[in-house]
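Here's the structure, in structure tokens; my notes come after.
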Amino acid sequence: MRVAGVADIGGTNTRVALVREDGLILSMERFKTPAGTDPDEVSARVGASLSCLAGISPSGLCGIGVSVAGPVDIKTGCIVTPPNMPFDQVPIISPLKKVFGLPVTLLNDCRAAVLGEVFVGGGREYQHVVYITISTGIGGGVYTNGEVLLGREGNAGEIGHFTVESKYSQRCSCGCFGHWEGCASGRGIPRFFQTWCRFHGHVSRLKTAKEVLNAASQGDPVALEFSDVLAMVNSRGLSTVIVAYDPEIIILDGPIVTAHREIIVNSAIKYLDSYLKTPEIVISPLGGNAPLLGVAAAVFSREV
Ligand SMILES: [Zn+2]
């Protein structure tokens with residue numbers, strides 16, 4: 001059975017793994033994503049880790065796949081303006097191709113993740129799937145008519161930057177106001193909560209998304225009132241996804257979703273628009289491995 005060498009490069013951590021054609025992860029290594037002064041350090045560290053996992057014959061791999069958080073340019077094979085590195089472009093495809101002599105596939109992590117869900121997760125047997133992760137940021141991947149939607153440079157489906165809120169002028173990490181990520185991501189929730197508290201004259205010491213959501217779960221009246229605003233924001237995001245992509249199924253992932261399913265998912269569903277048929281809405285069964293498995297799927301499908 002064929003084996004792909006894959007990496008998932010996050011803002012903080014990178015995971016490198018060998019994945020078999022049936023979706024089994026054979027081995028995995030984790031390390032801090034290099035944030036140094038040399039843009040080639042990332043691909044060098046990934047290459048060293050892949051060589052180590054694959055043993056003396058990395059040429060036994062059928063290909064290499066790399067998924068990254070943030071924008072990519074799949075034409076030049078580079079990460080674009082990575083969040084924790086002071087570079088405009090970080091080359092991935094050409095240095096790995098040079099070392100291994102194998103085809104190298106680069107995808108944004110959410111575009112990879114939707115492929116992972118279709119490969120071995122909640123999206124099997126579906127032709128129209130949207131993957132959404134709510135973690136530090138909010139990202140999405142769209143699979144439609146049997147293909148992942150990539151766009152010009154591989155960045156289609158950046159749903160975290162849909163405008164979903166206009167009353168509180170909450171700033172997003174991208175600098176715009178009212179974006180889904182700015183209001184409802186792990187980084188956005190505590191900021192939006194503070195903005196909302198100031199607007200309504202509440203005083204609260206809750207500082208993190210976890211504190212705010214836990215307080216709401218425990219019945220804190222201020223956090224509970226805010227959680228209803230958050231539910232409306234999430235329903236605006238989901239409703240926009242539904243009319244934009246008409247999916248059969250939406251697969252939600254990320255620690256905010258898995259730890260607070262009632263507040264984040266169930267509360268939002270009751271506010272959904274009903275213009276189009278509501279798709280199935282489920283939680284990812286892949287335990288955070290959707291990007292790694294998906295970029296492996298991309299390697300295998302390219303090989304065939
Ligand atoms: Zn934004």
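Just remember, in the structure tokens the first chain shown is A, the second B, etc., residues are 1-based per chain, and ligands are 1-based in the order shown.
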Considering only C-alpha atoms and all ligand atoms, tabulate each residue of chain A that lies at most 7 Å from ligand 1 along with its nearest interatomic pair and the corresponding distance in Å to one decimal; arrange the rows by chain and ascending residue number and present them as CSV.
```
residue,atom,partner,partner_atom_place_in_ligand_line,distance
A:Gly160,CA,ligand 1,1 (Zn),6.4
A:His161,CA,ligand 1,1 (Zn),4.1
A:Cys172,CA,ligand 1,1 (Zn),4.6
A:Ser173,CA,ligand 1,1 (Zn),5.7
A:Cys174,CA,ligand 1,1 (Zn),4.3
A:Gly175,CA,ligand 1,1 (Zn),6.3
A:Cys176,CA,ligand 1,1 (Zn),5.4
A:His179,CA,ligand 1,1 (Zn),5.0
A:Glu181,CA,ligand 1,1 (Zn),6.2
A:Gly182,CA,ligand 1,1 (Zn),6.3
```
query: Using the chain letters and numbers from this document, which residues of segment 26-144 of chain A does DSSP assign to alpha helix (DSSP H), as JSON, numbers by chain?
result: {"A": [41, 42, 43, 44, 45, 46, 47, 48, 49, 50, 51, 52, 53, 54, 93, 94, 95, 96, 97, 98, 99, 100, 109, 110, 111, 112, 113, 114, 115, 116, 117, 118, 119, 120]}
query: How many Å lie between atom CA of Glu262 of chain A and atom CA of Leu213 of chain A, rounded to one decimal?
result: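 The value is 10.3 Å.
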task: Measuring atom to atom with only C-alpha atoms, identify which of A:Ser135, A:Asn155, A:Asn145, A:Ser284 is nearest to Leu252 of chain A.
output: A:Ser284
- prompt: Hey, what's within 7 Å of Gly157 of chain A if we count only C-alpha atoms and toss same-chain stuff fewer than 4 positions away? As a VMD selection string, please?
  reply: chain A and resid 140 to 142
Selection export as a PDB file, in the first residue's frame, atoms kept: N, CA and C atoms:
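File written: result-v1.pdb
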```
ATOM      1  N   GLY A 140     -12.310  27.794   6.569  1.00  0.00           N
ATOM      2  CA  GLY A 140     -13.227  26.877   5.901  1.00  0.00           C
ATOM      3  C   GLY A 140     -12.611  26.243   4.680  1.00  0.00           C
ATOM      4  N   GLY A 141     -13.137  25.072   4.336  1.00  0.00           N
ATOM      5  CA  GLY A 141     -12.748  24.393   3.111  1.00  0.00           C
ATOM      6  C   GLY A 141     -14.016  23.914   2.433  1.00  0.00           C
ATOM      7  N   VAL A 142     -14.066  24.078   1.115  1.00  0.00           N
ATOM      8  CA  VAL A 142     -15.291  23.748   0.368  1.00  0.00           C
ATOM      9  C   VAL A 142     -14.979  22.661  -0.651  1.00  0.00           C
TER      10      VAL A 142
END
```
- request: In Å, rounded to a single decimal, give me how far atom CA of Gln218 of chain A is from atom CA of Leu206 of chain A.
  value: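 Separation of atom CA of Leu206 of chain A and atom CA of Gln218 of chain A: 13.2 Å.
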- request: DSSP on the backbone, then: every residue of segment 93-142 of chain A marked strand (DSSP E or B), written as a ChimeraX atom specification.
  value: /A:104-108,129-134,138-142
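Of the residues under consideration (A:Ala7, A:Ile249, A:Leu24, A:Leu102), A:Ile249 shows the shortest atom-to-atom contact distance to His128 of chain A when counting only C-alpha atoms.
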